[in-house]
Each structure stands twice: as C-alpha cells, then as structure tokens.
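Participant: Have a look at this one before I ask anything.
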Amino acid sequence: MKPRPFDYMRPDTVDEALALLAQHGDEARILAGGQSLVPMLNLRLIEPAVLIDISRLAELDSIRLADGALEVGAAATQNALLAWPGLARDFPLLAAGLPFVGHFQTRNKGTVCGSIAHADPSSELPLLLAMYEGEVVLRSQRGRRAVAASDFHTDMLTTAREADELVVAVRFPQRRSARAAFREVARRHGDFAIIAVAASAENGAVRLGVGGMAGRPLTKSITARDAAAAADAIKDWADELEGYDDLHASAAMRRDMFRKLAGNVIAEVLQ
Amino acid sequence: MQGAVTGAYDIAHVDVTNRVVLTNKMPASLIRGFGGPQLYLALERLMQRIAVELKLDPLEVIRRNLIPAQKFPYRTAAGALYDSGDYFRAVEIAAGDGRLEELKSRRDAARAQGRLYGIGFAAIVEPAMSNMGYLSTLMSKEAREKAGPKSGAVSMATVNIDPLGAVTVTADVTVQGQSHETVLAQIVAKELGLRPDDVEVILELDTAKDQWSIAAGTYSSRFASGTAVAAHMAAVQMRDKLKAIAAKQLNVLPDDVELAGGKIRSRSNPDNALPFGRVAATSHWSPVLLPESMAPALSETATWTPQELEPPSSDDRINTSLTYGFVFDMCGVEIDPVSYQVRVDRYVSMHDAGRILNPTIADGQIRGSFAQGVAAALYEEFAYNEEGAFLTGTFADYLVPTVSEIPELEILHYESPSPLTPLGAKGLAEGNCMSTPACIANAIADALGVADVALPATPRRIHALLEGASEAGQR
C-alpha cells in the first residue's frame with residue numbers, strides 16, 4: 001500500500017521545526033529515520049496531514065557526554081551510537097542491546113530518539129533507556145523539559161510528549177562499573193522481539209528489565225548474591241507480570257520465556 | 001486420483017476418498033509441488049507413527065516398504081508408471097558415510113544433557129511433466145465421454161540459425177528464474193559443436209504467434225522431461241541437416257561429418273573443415289547448393305509427446321506424470337528451551353532425478369525448494385483468530401524466512417536415468433517443498449515424543465506441545 005497524501009516539510013532549524021509543530025500539533029508527525037513511521041504510513045495505520053523531517057538538522061545530529069550522561073540528539077542514528085568510541089567500555093548495556101535493534105541496514109537510518117518516541121513495547125531502546133533510568137529531553141515553543149524514562153513511556157505506542165513538543169535528545173546516565181547483559185527472543189533475525197530482557201549489576205545491586213511483557217518496558221531492582229538467590233525474585237515477578245497474547249506468543253509462554261531469559265542474564269552479570 | 005498417492009512404497013491396494021471443502025479463508029494458489037506437501041505430510045507422519053506404535057526403527061519401516069529396484073518400471077496401485085529408481089540404494093548412500101551415525105550420536109549427546117533433540121526421515125516420489133489426462137479425472141463419467149479423451153503432454157522447441165550463423169532457441173516454457181535459458185543453450189550447443197554462449201535462448205511466449213500446445217508453460221517440473229527433450233530433438237534435426245549440407249561441400253558422406261569447436265568437418269580428415277557460419281549461410285544465401293529435396297533456410301521445430309501418458313481408466317487410475325524422481329531426507333532438530341524455536345541441526349537431502357542436466361542449477365533449485373519447505377514447516381501461515389480475523393496480512397506477521405533462518409543443507413545425488421526420455425532427466429525443483437515439512441515434523445515428533453505435530457511448528461505451538469506433554473507427565 002501507499003500512504004494517504006501528506007504535506008512534507010523540512011525545516012532548517014530546530015526553532016522552525018518547533019514553529020511547525022506549534023502550528024500543526026496532532027496533525028503532524030516527526031520524520032527522522034522513518035524505519036517505523038514509513039511502514040506505518042504505507043499500511044495506513046497512521047494518516048498524518050503533515051510530516052516534519054528533522055533528519056538533516058545538524059544541531060540534533062550529536063552524541064556527547066554531558067553532566068555524567070551520554071546525550072544522543074534526535075538526528076543521531078542507531079549505528080552512529082553503536083560506533084561511538086568507548087560505548088562498550090562506558091555503556092556496556094547499550095553496547096549489548098543495540099545490535100538487537102532491527103538490521104544493520106535499518107540501524108543506518110533509524111534513530112535512537114525515534115525508536116524511543118515511537119514507544120513500541122517490545123523494542124529495545126525504550127527498555128535500554130528504562131534500564132539506565134535515563135531521561136527524554138523535550139522542546140516546544142513553550143520551553144524545554146526533561147522527563148524521566150519511567151514517566152515518558154506510559155503505554156503501548158503512548159508517551160508523555162505533548163503534541164507541540166519535539167524529542168530533541170535522550171540521556172543515558174553513565175554507570176562505569178556496571179556489568180551488563182541483554183538477550184531477546186524473536187521469530188527471525190531482526191524481527192521485533194517477542195520479549196527482550198536486560199540486566200545490569202553494580203556493587204551487588206541487580207537491575208532487571210523486560211520489554212514485550214506489558215504496554216511499556218518494566219524494570220525491577222533485585223538484591224541477590226548469585227543467580228540461585230535471584231530465582232525466587234524472578235519467579236515472583238514473572239507471576240505478577242500479566243503479559244499479553246498475540247499471534248507469536250501466549251501470555252503464559254512470555255512468562256516462561258521471561259523466567260528463563262531473566263535467569264540467564266542475571267547469571268551473566270553476576271559471573 | 002493422483003497416481004503417486006502411495007509415494008515411494010510398494011503398496012498393492014489403494015482406496016481414495018476425496019472431500020471438497022468450501023472455505024472463505026485466504027486461498028493458496030498452485031505453487032511448487034502443490035498438493036504434494038499435504039499428501040506426504042500425512043503419509044510420512046504415518047510411517048513414523050507406525051514405527052513408534054510397533055516399537056520399530058523408523059528408517060527400518062521405510063526400508064521394508066520401499067519399492068524394490070527390480071520392480072521398475074513399477075505400476076502403482078493408483079496407475080502411475082514409475083520409470084526408474086533404486087530407492088533402497090539411494091537411502092543407503094544417504095545414511096552411509098557416517099551421516100546417520102553422526103545424527104544419532106548428536107541426538108544421544110543432546111538427550112544425555114536433557115536437551116530436546118529428534119531425528120526425522122522422509123521418503124517421497126517427485127512426479128514431473130503432468131499427463132493432461134488428469135484433467136479428465138476432474139470430470140464426471142458423462143462429461144468425460146462428452147468432452148472426448150484427454151491424455152499426453154506435448155512439448156515443443158525450435159532451433160533457428162540465421163544467415164550469419166547466429167543460433168536462437170525458442171520453446172514452450174515461461175521461465176521465472178529456473179535457468180531454462182542456460183540449460184537449453186547447453187543442450188543445443190552440445191549437438192551443434194558450439195559453446196553455450198553462442199546460443200541465444202528467447203523464452204518470451206506469445207500464444208498468438210508462437211508454438212504452444214495444452215501442456216505449455218513452466219509447472220509440474222515439465223522442463224527436464226519435456227521441453228528440454230524437444231529442444232534436444234530439434235537440435236539433433238538441425239545437426240543432421242547441417243551435416244548433410246556440409247557433406248556435399250566437403251565432398252564426404254554425411255556419416256563422416258562432425259560438428260565441433262565451431263567447425264563442421266570430416267571426422268576422418270579434420271583438416272577438411274568449414275566454419276559453422278559458412279555452412280549455415282549456404283542454406284540461406286545459396287539454396288541451389290543444398291542436397292536435393294532439402295528445404296532451404298534453417299529452422300527446425302520438434303514436438304515430443306511420450307506414449308506412456310495414457311488417458312485415465314474408467315476407475316480413475318492414471319499415469320499422472322512421465323517421470324518420477326525420488327527424494328530421501330533425514331534431519332536432526334533441537335528444540336530451544338528458551339525460545340521454543342525449532343533449530344535444524346543437520347539436514348541431508350538425497351535426490352534421484354535421473355540424469356542431471358546441469359549440477360549447479362540442480363543444486364540451486366534444490367536449495368530454493370528446501371527454503372520453501374523450511375518456510376512451510378516453521379514459519380509461513382495464513383493465521384486467523386477465533387472471530388475469523390486474518391492475522392497475517394503483512395510480511396511483519398506472515399514470516400517469510402530470510403537467508404539467516406535457512407539451515408545448512410547437504411545435497412546428495414544418485415542417478416537412475418529415465419528410460420522414457422532421450423535425456424534421462426527428471427524434475428527436481430519441487431521435491432523439498434514436499435519432503436522437508438514432513439521430515440522436520442517427524443524430527444519434532446521424535447524430539448518431543450508427541451503423536452500430533454501441526455505445521456508450521458511455531459514457537460507458540462511448540463510451547464503448547466511442551467505444556468501438554470508436561471501436563472500429561474504429571475497425570
């Protein structure tokens with residue numbers, strides 16, 4: 001299929017983009033890498049009147065360390081972040097999780113902020129941001145605000161972004177000493193995950209996260225010296241998780257997968 | 001009834017009940033082995049169930065029932081005339097060289113660690129080049145009598161040589177990537193003493209102006225047993241005509257003429273030679289130099305219809321196809337305990353497609369068919385929910401496996417040339433669409449110890465099977 005007709009606008013500055021957003025609000029969609037947006041347009045799952053293309057805004061194409069966090073601008077691609085020097089050393093969980101995002105080719109176009117703003121519950125980047133307890137930086141003509149990951153993702157494909165706001169960056173706070181692991185199950189290489197599970201450990205505190213079990217990524221802190229000690233906590237949490245049923249997995253199957261994957265990632269970070 | 005309904009087995013009696021079902025679900029069109037996957041899934045799952053129920057080795061049950069080599073040509077209970085084969089030998093070769101032992105040792109090692117590993121087999125017959133008489137079997141007796149008899153399968157091909165000696169071939173196939181151009185060029189070039197790239201094959205087919213008959217088209221693996229034969233016949237006719245023309249100019253007998261290396265020459269005195277193009281030009285530019293009674297110009301058309309393709313009998317027995325290849329597959333699969341995916345660990349596919357016309361193309365066709373077989377076994381499905389809503393309407397949900405999902409395949413060949421065609425070649429590009437789903441289903445049944453395996457064996461279905469198994473175990 002092909003999209004319904006829309007107006008395409010490519011502002012030259014962020015301020016222009018914000019003006020367009022203020023003018024068009026709900027009628028507009030932001031186009032960055034287009035790796036989720038364009039298929040949704042083609043399937044007519046969304047029918048915006050206006051597309052505002054921010055992919056060539058140089059002021060948003062940045063990845064930098066600022067105030068103890070890695071700040072990724074809205075035009076920076078997933079592969080640009082993967083190629084950022086020192087990622088594996090300073091942000092091992094990002095380095096572990098990013099290769100699961102789509103395919104190499106889609107990561108060349110797909111942006112980090114775009115995936116987070118899209119808020120698919122089984123995609124990797126919202127889970128990674130939640131694991132880092134990161135934040136999303138939003139700008140509008142009314143001003144600028146930073147929203148914690150846990151407040152930003154509210155439900156399936158739903159975020160705290162207002163209609164006139166632009167996600168200009170996301171921030172991943174640095175945890176230099178953390179050990180990290182990331183695993184997921186997908187039907188085919190590069191497909192959306194059925195579930196994705198992440199773990200990090202820092203000074204004996206284990207943080208566990210899961211995507212694909214609810215409308216948004218969920219995280220939990222677990223106190224455990226080893227994997228065996230964590231097993232009960234995993235089981236309890238799995239029983240609490242409602243999960244959901246779709247073509248590829250039942251809720252019960254998701255919980256079974258979670259129990260096993262969670263055990264694996266915790267064993268990996270507590271090695 | 002389908003003549004090969006009893007597959008690769010020596011079964012004396014058969015009774016077929018057909019049921020027609022009307023559905024409003026997504027229709028599936030005819031493609032690659034259509035009908036075969038359903039038949040062989042039932043037949044080969046049955047063979048595995050017989051082995052389990054009787055506590056016999058599944059391969060032994062297959063072996064005991066294969067049609068013995070000395071019975072070929074073999075008339076099946078449903079009327080097919082299997083032209084050639086040594087199924088037992090093909091199975092022995094595939095299972096030999098330590099292949100079956102390796103599968104078993106991998107299964108034993110996996111099971112010793114508590115992993116879920118199973119071995120599956122499938123033995124199937126791959127018919128090629130449909131008998132048009134099968135159309136009669138769709139009609140009632142009265143309609144059949146009114147319409148008149150139907151049988152046979154006509155193949156056509158033409159070889160042309162223009163005044164400059166350029167060779168072109170046209171034929172009654174509509175190619176979609178099967179490399180028919182390559183094989184036809186190879187067959188014709190061989191007879192004319194040229195290189196394959198000297199021959200241009202043009203396969204656009206326009207029924208308003210080109211040769212065609214009822215059987216024309218690309219389907220039913222009819223190329224190797226049909227069109228390739230017609231092209232070979234046309235090339236032989238052309239070769240003999242060129243020999244006769246050259247004999248007069250070389251002043252030798254036609255029997256002493258050979259076509260080789262782009263020249264037409266005396267076999268006994270190779271220095272007595274003319275360039276291929278020069279001889280070809282004679283027929284166009286100087287017809288008076290032709291042997292007496294020979295038609296000028298160079299265009300040879302051959303038609304081929306084998307006598308074995310008879311009309312169906314009054315009780316619907318029919319020789320459905322001209323040639324019948326044989327496929328024997330064996331595989332080892334492991335069920336991933338976390339993802340519930342079926343991982344194909346080893347896969348061996350043995351093909352007897354008679355004489356192989358081109359080994360590279362043959363293996364390419366087998367790999368393509370195998371990929372579609374894996375797709376049917378593990379991925380692709382028209383899924384509906386309980387309300388009848390279609391769930392797999394995009395390629396995000398209708399999962400076509402990519403190269404990352406297709407396991408390694410070991411291909412083996414055993415050649416029993418067909419005695420019914422001059423080339424001895426049979427079809428081979430549809431076999432794995434039929435054998436692979438059955439082979440993988442048998443391996444899953446072995447891994448999980450279950451009686452029913454629905455395909456595609458998705459993680460969701462595997463999870464349900466495991467849940468059922470553990471619930472059954474608790475009882």
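So you can find residues: chains in the structure tokens are A, B, ... in the order shown, residues in each start at 1, and ligands are numbered from 1 in order.
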Taking only C-alpha atoms into account, find every residue of chain B that has an atom no more than 12 Å from chain A, and write it out as a PyMOL selection string.
Facilitator: chain B and resi 336-343+375+378-386+389-406+456-467
Participant: Taking the DSSP assignment computed from this structure's backbone, write out as number ranges by chain all residues of stretch 102-289 of chain B that belong to strand (DSSP E).
Facilitator: B: 116-130, 155-161, 167-171, 199-202, 257-260, 263-266, 273-275
Participant: In terms of the shortest atom-to-atom distance over only C-alpha atoms, which of A:Ala75, A:Met9, A:Ile63, A:Ala96 is closest to A:Phe182?
Facilitator: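 Ranking A:Ala75, A:Met9, A:Ile63, A:Ala96 by distance to A:Phe182, first place goes to A:Ala96.
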Participant: Give me the residues within 10 Å of B:Asp329 as a PyMOL selection string, counting only C-alpha atoms and dropping any in the same chain fewer than 6 places off.
Facilitator: chain B and resi 91+94-95+120-124+347-351+410-412+432+435-436+438-440
Participant: Might you pull out every residue within 12 Å of B:Thr137, with only C-alpha atoms counted and same-chain residues fewer than 2 positions away left off, and present them as a VMD selection string?
Facilitator: chain B and resid 1 to 3 18 131 to 135 139 to 145 147 149 to 151 311 to 320
Participant: Give me, as a list in words, all polymer residues having an atom no more than 6 Å from A:Val269, counting only C-alpha atoms and skipping those fewer than 3 positions away in the same chain.
Facilitator: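 So, after excluding close chain neighbours, the residues are Arg179, Ala180, Ala201 and Ile266 of chain A.
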Participant: At a cut-off of 10 Å, using only C-alpha atoms, what residues contact A:Ala66? Leave out same-chain residues fewer than 5 positions from it and give the result as a list of chain:residue names.
Facilitator: A:Glu71, A:Arg171, A:Phe172, A:Pro173, A:Gln174
Participant: Can you pull out the residues contacting A:Glu16? Cut-off 10 Å, using only C-alpha atoms, and skip same-chain residues under 6 positions away; I want them as a list in words.
Facilitator: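 These residues fall inside the cut-off: Arg10, Ala22 and Gln141 of chain A.
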Participant: Go ahead and save the picked residues with C-alpha atoms, as an mmCIF file, in the first residue's frame.
Facilitator:
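Final output, selection06.cif:
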```cif
data_model
loop_
_atom_site.group_PDB
_atom_site.id
_atom_site.type_symbol
_atom_site.label_atom_id
_atom_site.label_comp_id
_atom_site.auth_asym_id
_atom_site.auth_seq_id
_atom_site.Cartn_x
_atom_site.Cartn_y
_atom_site.Cartn_z
ATOM 1 C CA ARG A 10 11.875 20.085 6.085
ATOM 2 C CA ALA A 22 3.026 24.542 17.251
ATOM 3 C CA GLN A 141 7.864 26.983 21.826
#
```
Participant: Got a sec to tell me which of stretch 23-249 of chain A DSSP assigns to alpha helix (DSSP H), as a ChimeraX atom specification?
Facilitator: /A:23-24,37-42,78-82,87-90,92-97,104-109,112-118,124-131,149-152,227-240
Participant: Calculated over only C-alpha atoms, which of the candidates A:Asp67, A:Ala160, A:Ala95, A:Gly243 has the smallest distance to A:Arg145?
Facilitator: A:Ala160
